[in-house]
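What's in model02.pdb: PDB, C-alpha atoms, pLDDT in the B column
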ATOM      1  CA  CYS A   1     102.963  26.974 144.957  1.00 86.00           C
ATOM      2  CA  ALA A   2     106.595  27.863 144.432  1.00 90.00           C
ATOM      3  CA  CYS A   3     108.044  31.321 144.947  1.00 89.00           C
ATOM      4  CA  GLN A   4     111.499  32.886 144.761  1.00 91.00           C
ATOM      5  CA  LYS A   5     112.228  35.757 147.116  1.00 87.00           C
ATOM      6  CA  ASN A   6     115.567  37.263 148.222  1.00 85.00           C
ATOM      7  CA  GLY A   7     117.495  34.428 146.555  1.00 87.00           C
ATOM      8  CA  LYS A   8     115.495  31.755 148.374  1.00 90.00           C
ATOM      9  CA  ILE A   9     113.083  29.359 146.707  1.00 91.00           C
ATOM     10  CA  PHE A  10     110.046  28.399 148.743  1.00 90.00           C
ATOM     11  CA  ILE A  11     107.756  25.509 147.907  1.00 92.00           C
ATOM     12  CA  ILE A  12     104.450  25.363 149.734  1.00 90.00           C
ATOM     13  CA  SER A  13     101.912  22.588 149.756  1.00 89.00           C
ATOM     14  CA  LEU A  14      98.684  23.075 151.682  1.00 85.00           C
ATOM     15  CA  LEU A  15      96.501  20.130 152.563  1.00 83.00           C
ATOM     16  CA  GLY A  16      92.834  20.555 153.332  1.00 76.00           C
ATOM     17  CA  ALA A  17      92.894  24.279 152.540  1.00 74.00           C
ATOM     18  CA  GLY A  18      90.036  25.845 150.642  1.00 69.00           C
ATOM     19  CA  TRP A  19      87.260  23.519 151.729  1.00 73.00           C
ATOM     20  CA  PRO A  20      83.858  24.722 150.620  1.00 75.00           C
ATOM     21  CA  GLY A  21      83.004  27.965 152.293  1.00 76.00           C
ATOM     22  CA  HIS A  22      86.688  28.784 152.995  1.00 75.00           C
ATOM     23  CA  LYS A  23      88.275  29.040 149.554  1.00 75.00           C
ATOM     24  CA  SER A  24      90.167  32.226 150.425  1.00 77.00           C
ATOM     25  CA  TYR A  25      91.971  30.603 153.393  1.00 81.00           C
ATOM     26  CA  LYS A  26      94.560  28.918 151.182  1.00 83.00           C
ATOM     27  CA  TRP A  27      95.903  32.261 149.893  1.00 84.00           C
ATOM     28  CA  HIS A  28      96.101  33.723 153.383  1.00 85.00           C
ATOM     29  CA  ASP A  29      97.867  30.589 154.684  1.00 86.00           C
ATOM     30  CA  THR A  30     100.251  30.604 151.715  1.00 88.00           C
ATOM     31  CA  LEU A  31     101.223  34.246 152.315  1.00 90.00           C
ATOM     32  CA  ASN A  32     101.777  33.561 156.031  1.00 91.00           C
ATOM     33  CA  LEU A  33     104.029  30.578 155.279  1.00 91.00           C
ATOM     34  CA  LEU A  34     106.028  32.543 152.677  1.00 92.00           C
ATOM     35  CA  ASP A  35     106.503  35.390 155.150  1.00 93.00           C
ATOM     36  CA  TYR A  36     107.540  32.977 157.907  1.00 93.00           C
ATOM     37  CA  GLY A  37     110.116  31.251 155.674  1.00 92.00           C
ATOM     38  CA  ASN A  38     111.566  34.516 154.414  1.00 92.00           C
ATOM     39  CA  THR A  39     111.810  36.001 157.924  1.00 93.00           C
ATOM     40  CA  ASN A  40     113.187  32.970 159.771  1.00 94.00           C
ATOM     41  CA  TYR A  41     115.573  31.321 157.280  1.00 93.00           C
ATOM     42  CA  LYS A  42     118.829  32.741 155.962  1.00 94.00           C
ATOM     43  CA  TYR A  43     121.684  31.430 153.846  1.00 93.00           C
ATOM     44  CA  GLN A  44     124.908  30.938 155.765  1.00 94.00           C
ATOM     45  CA  THR A  45     128.309  29.521 154.886  1.00 94.00           C
ATOM     46  CA  PHE A  46     129.177  26.547 157.058  1.00 91.00           C
ATOM     47  CA  TRP A  47     132.933  26.324 156.424  1.00 94.00           C
ATOM     48  CA  ARG A  48     135.239  26.965 159.387  1.00 92.00           C
ATOM     49  CA  GLU A  49     138.993  26.449 158.954  1.00 90.00           C
ATOM     50  CA  PRO A  50     140.174  23.915 161.551  1.00 92.00           C
ATOM     51  CA  GLU A  51     143.615  23.929 163.219  1.00 88.00           C
ATOM     52  CA  LEU A  52     145.450  20.876 161.874  1.00 89.00           C
ATOM     53  CA  SER A  53     149.133  21.687 162.410  1.00 82.00           C
ATOM     54  CA  TYR A  54     150.089  19.450 165.361  1.00 86.00           C
ATOM     55  CA  ILE A  55     148.882  15.874 165.100  1.00 88.00           C
ATOM     56  CA  PRO A  56     150.940  13.509 167.298  1.00 89.00           C
ATOM     57  CA  VAL A  57     152.364  10.350 165.722  1.00 90.00           C
ATOM     58  CA  GLN A  58     153.544   7.580 168.038  1.00 89.00           C
ATOM     59  CA  ASN A  59     156.858   5.797 167.481  1.00 86.00           C
ATOM     60  CA  GLY A  60     157.831   8.103 164.632  1.00 86.00           C
ATOM     61  CA  ILE A  61     160.966   9.851 163.409  1.00 84.00           C
ATOM     62  CA  ILE A  62     161.605  12.845 161.201  1.00 75.00           C
ATOM     63  CA  ASP A  63     165.097  13.421 159.825  1.00 67.00           C
ATOM     64  CA  ASP A  64     166.779  11.216 162.452  1.00 59.00           C
ATOM     65  CA  PHE A  65     164.834  12.757 165.326  1.00 58.00           C
ATOM     66  CA  GLY A  66     162.143  10.972 167.270  1.00 52.00           C
ATOM     67  CA  GLY A  67     162.029   8.103 169.693  1.00 55.00           C
ATOM     68  CA  SER A  68     161.414   9.638 173.084  1.00 52.00           C
ATOM     69  CA  SER A  69     160.644  13.094 171.673  1.00 61.00           C
ATOM     70  CA  SER A  70     157.210  13.904 170.319  1.00 70.00           C
ATOM     71  CA  VAL A  71     156.778  13.691 166.569  1.00 85.00           C
ATOM     72  CA  TYR A  72     153.996  15.558 164.810  1.00 87.00           C
ATOM     73  CA  THR A  73     152.574  15.783 161.347  1.00 89.00           C
ATOM     74  CA  GLY A  74     150.260  18.388 159.924  1.00 91.00           C
ATOM     75  CA  GLY A  75     146.923  17.779 158.293  1.00 94.00           C
ATOM     76  CA  SER A  76     145.456  19.225 155.132  1.00 95.00           C
ATOM     77  CA  ILE A  77     142.032  19.221 153.556  1.00 95.00           C
ATOM     78  CA  SER A  78     141.671  19.475 149.808  1.00 89.00           C
ATOM     79  CA  VAL A  79     138.622  21.691 149.385  1.00 93.00           C
ATOM     80  CA  SER A  80     137.935  24.134 146.549  1.00 93.00           C
ATOM     81  CA  GLU A  81     137.198  27.802 147.232  1.00 95.00           C
ATOM     82  CA  SER A  82     133.691  27.367 145.827  1.00 95.00           C
ATOM     83  CA  GLU A  83     133.080  24.524 148.302  1.00 94.00           C
ATOM     84  CA  LYS A  84     134.292  26.753 151.156  1.00 94.00           C
ATOM     85  CA  LYS A  85     131.801  29.424 150.047  1.00 95.00           C
ATOM     86  CA  ARG A  86     128.875  27.002 149.773  1.00 94.00           C
ATOM     87  CA  GLN A  87     125.845  28.195 151.685  1.00 93.00           C
ATOM     88  CA  ILE A  88     122.997  26.341 153.328  1.00 93.00           C
ATOM     89  CA  LEU A  89     119.604  27.581 154.425  1.00 92.00           C
ATOM     90  CA  VAL A  90     119.326  27.648 158.232  1.00 95.00           C
ATOM     91  CA  SER A  91     117.062  29.129 160.866  1.00 95.00           C
ATOM     92  CA  ALA A  92     118.125  30.985 163.985  1.00 91.00           C
ATOM     93  CA  ASP A  93     117.394  27.809 165.967  1.00 95.00           C
ATOM     94  CA  ASP A  94     119.760  25.643 163.882  1.00 96.00           C
ATOM     95  CA  HIS A  95     123.154  24.755 165.344  1.00 96.00           C
ATOM     96  CA  LEU A  96     126.121  24.424 162.965  1.00 95.00           C
ATOM     97  CA  GLN A  97     129.335  22.860 164.249  1.00 95.00           C
ATOM     98  CA  TYR A  98     132.281  20.802 163.082  1.00 95.00           C
ATOM     99  CA  GLN A  99     134.296  17.945 164.524  1.00 95.00           C
ATOM    100  CA  VAL A 100     137.862  16.969 163.719  1.00 95.00           C
ATOM    101  CA  LEU A 101     138.138  13.199 164.019  1.00 94.00           C
ATOM    102  CA  PHE A 102     141.560  11.554 163.808  1.00 92.00           C
ATOM    103  CA  ARG A 103     142.390   7.884 163.645  1.00 89.00           C
ATOM    104  CA  GLU A 104     142.850   6.583 167.154  1.00 85.00           C
ATOM    105  CA  ASN A 105     146.505   6.195 168.141  1.00 85.00           C
ATOM    106  CA  LEU A 106     148.177   7.412 164.968  1.00 90.00           C
ATOM    107  CA  ILE A 107     151.284   5.207 164.798  1.00 90.00           C
ATOM    108  CA  ALA A 108     154.222   5.494 162.387  1.00 90.00           C
ATOM    109  CA  PRO A 109     154.784   4.895 159.563  1.00 91.00           C
ATOM    110  CA  VAL A 110     152.517   7.577 158.101  1.00 92.00           C
ATOM    111  CA  ARG A 111     152.815   8.496 154.430  1.00 94.00           C
ATOM    112  CA  LYS A 112     152.329  11.991 153.018  1.00 95.00           C
ATOM    113  CA  GLY A 113     148.815  12.158 151.549  1.00 96.00           C
ATOM    114  CA  GLU A 114     147.544   9.255 153.680  1.00 96.00           C
ATOM    115  CA  GLN A 115     144.125   9.810 155.226  1.00 96.00           C
ATOM    116  CA  ILE A 116     144.573  10.289 158.960  1.00 96.00           C
ATOM    117  CA  GLY A 117     141.140  11.621 159.854  1.00 95.00           C
ATOM    118  CA  ARG A 118     137.955  13.357 158.795  1.00 96.00           C
ATOM    119  CA  LEU A 119     136.492  16.833 159.164  1.00 96.00           C
ATOM    120  CA  VAL A 120     132.751  16.465 159.750  1.00 97.00           C
ATOM    121  CA  TYR A 121     130.260  19.328 159.665  1.00 96.00           C
ATOM    122  CA  LEU A 122     127.050  18.848 161.633  1.00 97.00           C
ATOM    123  CA  LEU A 123     123.691  20.591 161.508  1.00 96.00           C
ATOM    124  CA  ASN A 124     121.706  20.038 164.707  1.00 97.00           C
ATOM    125  CA  GLY A 125     123.879  17.005 165.491  1.00 96.00           C
ATOM    126  CA  LYS A 126     123.345  15.323 162.110  1.00 97.00           C
ATOM    127  CA  LYS A 127     126.134  14.868 159.562  1.00 97.00           C
ATOM    128  CA  LEU A 128     125.953  17.462 156.814  1.00 94.00           C
ATOM    129  CA  PHE A 129     129.303  17.192 154.995  1.00 94.00           C
ATOM    130  CA  SER A 130     132.531  15.268 155.540  1.00 95.00           C
ATOM    131  CA  TYR A 131     136.044  15.836 154.164  1.00 96.00           C
ATOM    132  CA  PRO A 132     139.164  13.640 154.501  1.00 96.00           C
ATOM    133  CA  ILE A 133     142.168  14.960 156.434  1.00 96.00           C
ATOM    134  CA  LEU A 134     145.487  13.997 154.807  1.00 96.00           C
ATOM    135  CA  ALA A 135     148.987  13.901 156.342  1.00 95.00           C
ATOM    136  CA  THR A 136     151.205  16.727 155.103  1.00 94.00           C
ATOM    137  CA  GLN A 137     154.478  14.829 155.521  1.00 91.00           C
ATOM    138  CA  THR A 138     155.889  11.324 155.802  1.00 90.00           C
ATOM    139  CA  ILE A 139     156.760  10.047 159.270  1.00 90.00           C
ATOM    140  CA  GLN A 140     159.040   7.000 159.326  1.00 88.00           C
ATOM    141  CA  LYS A 141     158.792   4.309 161.980  1.00 87.00           C
ATOM    142  CA  ASN A 142     161.463   4.411 164.679  1.00 85.00           C
ATOM    143  CA  THR A 143     163.089   0.955 164.589  1.00 84.00           C
ATOM    144  CA  PHE A 144     166.047  -0.685 166.269  1.00 84.00           C
ATOM    145  CA  THR A 145     167.904  -0.672 162.936  1.00 84.00           C
ATOM    146  CA  HIS A 146     167.369   3.072 162.570  1.00 78.00           C
ATOM    147  CA  CYS A 147     168.663   3.720 166.116  1.00 77.00           C
ATOM    148  CA  ALA A 148     171.745   1.527 165.550  1.00 81.00           C
ATOM    149  CA  ASN A 149     172.521   3.312 162.260  1.00 79.00           C
ATOM    150  CA  LEU A 150     172.140   6.667 163.985  1.00 76.00           C
ATOM    151  CA  VAL A 151     174.572   5.669 166.758  1.00 79.00           C
ATOM    152  CA  PHE A 152     177.169   4.484 164.231  1.00 81.00           C
ATOM    153  CA  LYS A 153     176.712   7.587 162.089  1.00 80.00           C
ATOM    154  CA  ASN A 154     177.125  10.031 165.003  1.00 79.00           C
ATOM    155  CA  PHE A 155     179.910   8.294 166.908  1.00 82.00           C
ATOM    156  CA  PHE A 156     182.012   6.511 164.317  1.00 78.00           C
ATOM    157  CA  HIS A 157     182.041   8.909 161.359  1.00 69.00           C
TER     158      HIS A 157
END

Encoding of this model in structure tokens:
Amino acid sequence: CACQKNGKIFIISLLGAGWPGHKSYKWHDTLNLLDYGNTNYKYQTFWREPELSYIPVQNGIIDDFGGSSSVYTGGSISVSESEKKRQILVSADDHLQYQVLFRENLIAPVRKGEQIGRLVYLLNGKKLFSYPILATQTIQKNTFTHCANLVFKNFFH
């Protein structure tokens, strides 16, 4: 049978129910399963906003600064509001979590809009949804030529 209750749709299939002499068992079993599903499963949004503002970039420069100092870029995720409000049916025993995975050793140059990682949502340790993380700004590579130009600019102009 199929039943809709409290915004949830339940589909029940009973095997071996209603054998001769026990035809009423299937209705009792069906009601028990519907009650169990309605009591133990709830819709929940899974979206959690991750912190993506300080992602280190090796050997990078921003506006003539870099080299020995740390250079960072931010990360952004392009997700619609309806996607952020998406709900999934979970039980109290289910475990929702997310992981922010960046490319190993993010090294300059990095272009604005370049994928630098992934945001992965997990349900009980299994991948549920995944979204790309994009760099929010361009980070140039710190080269010898750049350093030489910077020295000439600051000391001879």

Neighbours of point (110.2, 32.4, 159.6) within 12 Å, using all atoms listed in the file, written as a count of residues only: 18

Distance criterion (only C-alpha atoms): nearest to Ala135 of chain A out of A:Gly117, A:Pro109, A:Gly21, A:Gly74: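 Looking at the shortest contact to Ala135 of chain A, the residue is A:Gly74.
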
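Closest approach to Val110 of chain A among A:Ser70, A:Asn59, A:Thr45, A:Asn124 is made by A:Asn59 (distances from only C-alpha atoms).
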
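Straight-line separation from atom CA of Tyr72 of chain A to atom CA of Arg118 of chain A: 17.3 Å.
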
Counting all atoms listed in the file, the option among A:Ile139, A:Ile11, A:Leu101, A:Ala108 closest to Thr73 of chain A: A:Ile139

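Taking all atoms listed in the file into account, the residues near (142.1, 18.3, 156.3), no farther than 6 Å, are Gly75, Ser76, Ile77, Pro132, Ile133 and Leu134 of chain A.
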
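Shortest separation to Asp94 of chain A among A:Ser53, A:Leu122, A:Gln137, A:Ile116 occurs at residue A:Leu122, atoms counted being only C-alpha atoms.
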
Coordinates-based distance that separates atom CA of Leu123 of chain A from atom CA of Glu83 of chain A (Å, one decimal): 16.7 Å

Where does the PyMOL selection byres ((chain A and resi 130) around 10) land in this file, that is, which residues does it pick, as a compact mmCIF listing (two decimals) with C-alpha atoms, keeping the file's coordinate frame?
# COMPACT_ATOMS: atom_id res chain seq x y z
CA TYR A 98 132.28 20.80 163.08
CA GLN A 99 134.30 17.94 164.52
CA VAL A 100 137.86 16.97 163.72
CA ARG A 118 137.96 13.36 158.79
CA LEU A 119 136.49 16.83 159.16
CA VAL A 120 132.75 16.46 159.75
CA TYR A 121 130.26 19.33 159.66
CA LEU A 122 127.05 18.85 161.63
CA LYS A 127 126.13 14.87 159.56
CA LEU A 128 125.95 17.46 156.81
CA PHE A 129 129.30 17.19 155.00
CA TYR A 131 136.04 15.84 154.16
CA PRO A 132 139.16 13.64 154.50
CA ILE A 133 142.17 14.96 156.43

Taking the file above as input, evaluate the PyMOL selection byres ((chain A and resi 48) around 9) and report the hits as a short mmCIF file (atom, residue, chain, number, x, y, z; two decimals) with C-alpha atoms, in the frame of the given file.
data_model
loop_
_atom_site.label_atom_id
_atom_site.label_comp_id
_atom_site.auth_asym_id
_atom_site.auth_seq_id
_atom_site.Cartn_x
_atom_site.Cartn_y
_atom_site.Cartn_z
CA THR A 45 128.31 29.52 154.89
CA PHE A 46 129.18 26.55 157.06
CA TRP A 47 132.93 26.32 156.42
CA GLU A 49 138.99 26.45 158.95
CA PRO A 50 140.17 23.92 161.55
CA LYS A 84 134.29 26.75 151.16
CA GLN A 97 129.34 22.86 164.25
CA TYR A 98 132.28 20.80 163.08
#

Option closest in space to Lys85 of chain A, from A:Gln115, A:Asn105, A:Ser13, A:Gln44 [counting all atoms listed in the file]: A:Gln44
